[in-house]
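First comes the structure, then the notes that go with it.
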Amino acid sequence: MSHDLSIHFHGVRGSIAAPGVSTARVGGNTSCVEVLAGDNRIVFDAGTGLRSLGDRLIASGPSATTILLSHLHWDHIQGLPFFTPIYVAGNWIEVVSGANGTMPLEAALRRQMAAPFFPVDFDDVSRQVRAREPRLGEPFSIGNVRVTMARLNHPDPVYGYRLDYQGASIVYATDTEHFACVDPTLARLAADADVLIYDAQYTPEEYPGKVGWGHSTWEAAVALARTAGVRQLVLYHHDPRRSDEAVDVIELRARAAFAGAVAAREGGVLHVETRAPRATAVSAAVTAA
């Protein structure tokens with residue numbers, strides 16, 4: 001057994017960054033989750049939480065990072081131009097996402113880092129940054145981590161990811177809306193996963209007014225976790241208007257229905273134990289970094 005698989009939450013809010021007194025404890029940065037799997041650094045999404053991760057990495061010298069983007073909405077890419085390693089020679093950053101249906105991934109990254117939207121042109125960082133668009137249905141590897149990608153339910157193309165490493169598995173599925181039944185695509189992606197990080201932006205009471213917006217609830221998260229046989233459920237992509245206390249309430253409601261439920265909090269860390277398949281375990285709670 002080893003503890004060389006860990007999950008670090010750098011941004012847990014959805015839609016727009018939400019700094020302030022009422023959100024300080026859970027955190028106000030948008031989507032960014034770092035997974036360390038042995039020597040591999042894999043980051044889910046490049047929201048505003050990516051900035052602080054970059055500051056930490058640059059202090060330790062050159063590094064390699066793979067960023068798996070769920071999609072290209074602002075709250076999932078705004079941190080990339082502020083990710084310090086992209087400006088320093090010797091760093092290697094690969095940005096990965098499925099087809100967005102509008103333009104190649106590199107073209108989208110170029111558009112973000114161009115006048116009049118940003119003062120530094122993408123060409124100035126292109127030696128450190130490369131874009132990759134894997135084909136849906138074709139798993140790929142990052143070092144010795146196997147990555148499976150699935151299309152989710154959102155107004156624009158969104159992708160969820162499953163990482164398999166030394167018998168342990170982590171699934172990231174944000175910005176996806178549930179159906180009347182458990183999404184069979186997600187149930188397959190998350191089957192027997194050790195950790196499922198899932199969009200729970202709305203409460204069940206709020207959801208009827210948000211149908212079609214591409215987000216889900218803690219209740220749907222629990223249903224998916226039960227169906228898929230997930231061990232730990234992490235509620236994620238908190239509404240920017242949600243106070244810390246309100247997130248606490250959602251966590252308690254979810255935990256009453258599924259003992260392995262926990263709300264994602266900025267600075268939180270999960271350590272996942274790796275061993276033989278189907279015999280993995282995960283720490284019982286998110287602990288402060």
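All residue names refer to the structure tokens as shown: chains lettered A, B, ... in order, residues numbered from 1 in each chain, ligands numbered from 1 in order.
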
Let's see if you can do this: from backbone DSSP, list all alpha helix (DSSP H) residues in segment 3-67 of chain A, as a list in words.
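Going through segment 3-67 of chain A, the alpha helix (DSSP H) residues come out as Leu50, Arg51, Ser52, Leu53, Gly54, Asp55, Arg56, Leu57 and Ile58 of chain A.
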
Please produce a file of the residues just selected, as a PDB file, in the first residue's frame, where the atoms kept are C-alpha atoms.
```pdb
ATOM      1  CA  LEU A  50      -4.605  27.718 -11.065  1.00  0.00           C
ATOM      2  CA  ARG A  51      -2.769  30.962 -10.262  1.00  0.00           C
ATOM      3  CA  SER A  52      -1.767  29.993  -6.722  1.00  0.00           C
ATOM      4  CA  LEU A  53      -0.707  26.520  -7.890  1.00  0.00           C
ATOM      5  CA  GLY A  54       1.572  28.125 -10.469  1.00  0.00           C
ATOM      6  CA  ASP A  55       3.155  30.381  -7.862  1.00  0.00           C
ATOM      7  CA  ARG A  56       3.959  27.333  -5.744  1.00  0.00           C
ATOM      8  CA  LEU A  57       5.371  25.341  -8.652  1.00  0.00           C
ATOM      9  CA  ILE A  58       7.608  28.100  -9.957  1.00  0.00           C
TER      10      ILE A  58
END
```

List the spatial neighbours of segment 131-136 of chain A as a ChimeraX atom specification - criterion: any atom at most 10 Å away, only C-alpha atoms, same-chain residues fewer than 4 positions off excluded.
/A:66-68,93-100,104-109,126,140,148-151,159

So that I can see what lies close to Ala190 of chain A, please list as a PyMOL selection string the residues with an atom at most 10 Å from it, counting only C-alpha atoms and leaving out residues fewer than 2 positions away in the same chain.
chain A and resi 160-162+169-173+184-188+192-197+224-225+227-230

Keeping only N, CA and C atoms, write the selected residues as a compact mmCIF listing (two decimals), in the first residue's frame.
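Final file, out.txt:
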```txt
# COMPACT_ATOMS: atom_id res chain seq x y z
N GLY A 160 -15.96 14.77 -19.03
CA GLY A 160 -15.56 14.26 -17.73
C GLY A 160 -14.37 13.33 -17.93
N TYR A 161 -13.63 13.11 -16.86
CA TYR A 161 -12.41 12.31 -16.94
C TYR A 161 -12.35 11.29 -15.81
N ARG A 162 -11.79 10.15 -16.13
CA ARG A 162 -11.48 9.13 -15.12
C ARG A 162 -9.98 8.85 -15.18
N SER A 169 -8.89 4.87 -8.56
CA SER A 169 -9.53 5.63 -9.63
C SER A 169 -10.17 6.90 -9.10
N ILE A 170 -10.04 7.97 -9.89
CA ILE A 170 -10.61 9.28 -9.57
C ILE A 170 -11.41 9.73 -10.78
N VAL A 171 -12.63 10.20 -10.55
CA VAL A 171 -13.48 10.69 -11.64
C VAL A 171 -13.83 12.15 -11.38
N TYR A 172 -13.69 12.95 -12.42
CA TYR A 172 -13.99 14.39 -12.36
C TYR A 172 -15.11 14.66 -13.35
N ALA A 173 -16.26 15.09 -12.83
CA ALA A 173 -17.43 15.31 -13.68
C ALA A 173 -18.15 16.57 -13.21
N PRO A 184 -26.40 7.14 -17.75
CA PRO A 184 -25.68 5.87 -17.94
C PRO A 184 -24.22 6.07 -18.34
N THR A 185 -23.92 7.15 -19.06
CA THR A 185 -22.53 7.43 -19.43
C THR A 185 -21.69 7.69 -18.19
N LEU A 186 -22.22 8.50 -17.28
CA LEU A 186 -21.50 8.80 -16.05
C LEU A 186 -21.42 7.58 -15.14
N ALA A 187 -22.48 6.78 -15.11
CA ALA A 187 -22.46 5.57 -14.28
C ALA A 187 -21.34 4.64 -14.73
N ARG A 188 -21.13 4.54 -16.04
CA ARG A 188 -20.03 3.71 -16.55
C ARG A 188 -18.69 4.33 -16.22
N ASP A 192 -17.32 1.91 -9.64
CA ASP A 192 -16.37 1.46 -8.62
C ASP A 192 -15.24 2.46 -8.36
N ALA A 193 -15.47 3.74 -8.66
CA ALA A 193 -14.42 4.73 -8.45
C ALA A 193 -14.17 4.95 -6.96
N ASP A 194 -12.93 5.26 -6.63
CA ASP A 194 -12.61 5.59 -5.25
C ASP A 194 -13.11 6.99 -4.90
N VAL A 195 -12.96 7.92 -5.82
CA VAL A 195 -13.39 9.30 -5.59
C VAL A 195 -14.14 9.80 -6.82
N LEU A 196 -15.31 10.38 -6.59
CA LEU A 196 -16.08 11.05 -7.63
C LEU A 196 -16.22 12.51 -7.24
N ILE A 197 -15.67 13.40 -8.05
CA ILE A 197 -15.82 14.84 -7.88
C ILE A 197 -16.92 15.28 -8.84
N LEU A 224 -26.06 9.08 -8.30
CA LEU A 224 -24.99 8.59 -9.17
C LEU A 224 -23.97 7.79 -8.38
N ALA A 225 -23.56 8.30 -7.23
CA ALA A 225 -22.56 7.62 -6.41
C ALA A 225 -23.04 6.24 -5.99
N THR A 227 -25.37 4.35 -7.51
CA THR A 227 -25.50 3.49 -8.68
C THR A 227 -24.14 2.99 -9.16
N ALA A 228 -23.15 3.87 -9.13
CA ALA A 228 -21.82 3.53 -9.64
C ALA A 228 -20.97 2.80 -8.63
N GLY A 229 -21.39 2.73 -7.38
CA GLY A 229 -20.59 2.07 -6.36
C GLY A 229 -19.36 2.86 -5.96
N VAL A 230 -19.52 4.19 -5.92
CA VAL A 230 -18.42 5.08 -5.58
C VAL A 230 -18.15 5.04 -4.07
```

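The shortest atom-to-atom distance to Thr274 of chain A, with only C-alpha atoms taken into account, belongs to A:Ala168 out of A:Met113, A:Ala59, A:Ala168, A:Ile142.
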
Hey, can you check how far atom CA of Phe179 of chain A sits from atom CA of Asp164 of chain A?
26.2 Å

Residues within 7 Å of segment 207-222 of chain A, please, as a ChimeraX atom specification. Count only C-alpha atoms; anything in the same chain fewer than 4 positions from it doesn't count.
/A:153-155,175-178,198-203,226,235,254,258

Write the residues of the preceding selection, restricted to C-alpha atoms, as a PDB file, in the first residue's frame.
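That gives us again-v1.pdb:
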```
ATOM      1  CA  ASN A 153     -24.569  17.013 -20.506  1.00  0.00           C
ATOM      2  CA  HIS A 154     -24.060  20.788 -20.813  1.00  0.00           C
ATOM      3  CA  PRO A 155     -25.113  23.553 -23.261  1.00  0.00           C
ATOM      4  CA  ASP A 175     -20.699  21.191 -15.417  1.00  0.00           C
ATOM      5  CA  THR A 176     -23.018  18.324 -16.162  1.00  0.00           C
ATOM      6  CA  GLU A 177     -26.770  18.136 -15.707  1.00  0.00           C
ATOM      7  CA  HIS A 178     -28.529  15.029 -14.477  1.00  0.00           C
ATOM      8  CA  TYR A 198     -19.236  15.962  -9.101  1.00  0.00           C
ATOM      9  CA  ASP A 199     -21.076  19.188  -9.920  1.00  0.00           C
ATOM     10  CA  ALA A 200     -23.511  20.082  -7.137  1.00  0.00           C
ATOM     11  CA  GLN A 201     -24.049  23.755  -7.905  1.00  0.00           C
ATOM     12  CA  TYR A 202     -27.771  23.806  -7.090  1.00  0.00           C
ATOM     13  CA  THR A 203     -29.956  22.443  -4.344  1.00  0.00           C
ATOM     14  CA  ARG A 226     -24.844   4.838  -5.205  1.00  0.00           C
ATOM     15  CA  LEU A 235     -19.558  17.906  -3.976  1.00  0.00           C
ATOM     16  CA  ALA A 254     -25.745  14.797   1.334  1.00  0.00           C
ATOM     17  CA  PHE A 258     -24.502   8.950   1.530  1.00  0.00           C
TER      18      PHE A 258
END
```

Can you list, as an NGL selection string, all residues belonging to segment 25-182 of chain A that DSSP tags as strand (DSSP E)?
:A and (32-37 or 40-44 or 64-68 or 92-96 or 129-132 or 140-142 or 145-151 or 159-165 or 168-173)

Create the file for the chosen residues now, containing C-alpha atoms and written as a PDB file, in the first residue's frame.
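And here is the file that came out, again31.pdb:
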```pdb
ATOM      1  CA  CYS A  32      -8.933  23.822 -10.375  1.00  0.00           C
ATOM      2  CA  VAL A  33      -8.084  20.412  -8.898  1.00  0.00           C
ATOM      3  CA  GLU A  34      -4.551  19.023  -8.851  1.00  0.00           C
ATOM      4  CA  VAL A  35      -3.925  15.271  -8.803  1.00  0.00           C
ATOM      5  CA  LEU A  36      -0.478  13.945  -7.929  1.00  0.00           C
ATOM      6  CA  ALA A  37      -0.042  10.360  -9.071  1.00  0.00           C
ATOM      7  CA  ASN A  40       2.677  12.763 -12.648  1.00  0.00           C
ATOM      8  CA  ARG A  41       0.932  16.091 -12.063  1.00  0.00           C
ATOM      9  CA  ILE A  42      -2.529  16.245 -13.626  1.00  0.00           C
ATOM     10  CA  VAL A  43      -4.778  19.267 -13.158  1.00  0.00           C
ATOM     11  CA  PHE A  44      -8.510  19.270 -13.755  1.00  0.00           C
ATOM     12  CA  ALA A  64       5.691  19.269 -16.094  1.00  0.00           C
ATOM     13  CA  THR A  65       1.911  19.676 -15.818  1.00  0.00           C
ATOM     14  CA  THR A  66      -0.964  18.214 -17.792  1.00  0.00           C
ATOM     15  CA  ILE A  67      -4.202  20.225 -17.628  1.00  0.00           C
ATOM     16  CA  LEU A  68      -7.415  18.389 -18.492  1.00  0.00           C
ATOM     17  CA  TRP A  92       6.242  21.923 -19.885  1.00  0.00           C
ATOM     18  CA  ILE A  93       2.469  22.360 -19.916  1.00  0.00           C
ATOM     19  CA  GLU A  94       0.092  20.268 -21.994  1.00  0.00           C
ATOM     20  CA  VAL A  95      -3.529  21.437 -22.182  1.00  0.00           C
ATOM     21  CA  VAL A  96      -5.960  18.669 -23.105  1.00  0.00           C
ATOM     22  CA  VAL A 129       2.464  25.213 -23.848  1.00  0.00           C
ATOM     23  CA  ARG A 130       1.030  22.652 -26.227  1.00  0.00           C
ATOM     24  CA  ALA A 131      -2.584  21.723 -26.936  1.00  0.00           C
ATOM     25  CA  ARG A 132      -3.923  18.225 -27.463  1.00  0.00           C
ATOM     26  CA  PHE A 140      -4.841   7.646 -23.407  1.00  0.00           C
ATOM     27  CA  SER A 141      -2.028   7.735 -20.888  1.00  0.00           C
ATOM     28  CA  ILE A 142      -0.228  10.415 -18.918  1.00  0.00           C
ATOM     29  CA  VAL A 145      -1.952   7.048 -15.437  1.00  0.00           C
ATOM     30  CA  ARG A 146      -4.711   5.803 -17.724  1.00  0.00           C
ATOM     31  CA  VAL A 147      -7.208   8.504 -18.721  1.00  0.00           C
ATOM     32  CA  THR A 148     -10.734   7.849 -19.970  1.00  0.00           C
ATOM     33  CA  MET A 149     -12.806  10.745 -21.296  1.00  0.00           C
ATOM     34  CA  ALA A 150     -16.615  10.954 -21.633  1.00  0.00           C
ATOM     35  CA  ARG A 151     -19.003  13.540 -23.056  1.00  0.00           C
ATOM     36  CA  TYR A 159     -15.993  16.294 -20.884  1.00  0.00           C
ATOM     37  CA  GLY A 160     -15.556  14.258 -17.734  1.00  0.00           C
ATOM     38  CA  TYR A 161     -12.414  12.307 -16.942  1.00  0.00           C
ATOM     39  CA  ARG A 162     -11.478   9.130 -15.119  1.00  0.00           C
ATOM     40  CA  LEU A 163      -7.930   8.555 -13.916  1.00  0.00           C
ATOM     41  CA  ASP A 164      -6.806   5.003 -13.134  1.00  0.00           C
ATOM     42  CA  TYR A 165      -3.526   4.594 -11.287  1.00  0.00           C
ATOM     43  CA  ALA A 168      -7.185   3.400  -7.646  1.00  0.00           C
ATOM     44  CA  SER A 169      -9.530   5.625  -9.629  1.00  0.00           C
ATOM     45  CA  ILE A 170     -10.609   9.277  -9.572  1.00  0.00           C
ATOM     46  CA  VAL A 171     -13.483  10.692 -11.637  1.00  0.00           C
ATOM     47  CA  TYR A 172     -13.992  14.386 -12.365  1.00  0.00           C
ATOM     48  CA  ALA A 173     -17.431  15.313 -13.681  1.00  0.00           C
TER      49      ALA A 173
END
```

I want to know what sits within 10 Å of Leu252 of chain A, based on only C-alpha atoms, with residues of the same chain fewer than 5 positions away left out; could you give that as a count of residues only?
8

Compare A:Asp183, A:Arg275, A:Arg25, A:Phe117 by their minimum atom-to-atom distance to Gly167 of chain A, counting only C-alpha atoms, and give me the closest one.
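Among the listed residues, the smallest separation from Gly167 of chain A belongs to A:Arg275.
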
Distance atom CA of Asn91 of chain A-atom CA of Glu266 of chain A, one decimal place?
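Those two atoms sit 25.0 Å apart.
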
Quick one: everything within 10 Å of Gly14 of chain A, counting only C-alpha atoms, minus sequence neighbours fewer than 3 positions away in the same chain. Send it as a VMD selection string.
chain A and resid 11 17 to 18 28 to 31 47 75 to 76 174 to 175 199 to 201 215 236 to 241

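Between atom CA of Leu152 of chain A and atom CA of Val12 of chain A the separation is 18.9 Å.
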
Between A:Gly143, A:Ala223, A:Ala24, A:Arg255, which one has atoms that come closest to Ala180 of chain A, using only C-alpha atoms?
A:Ala223
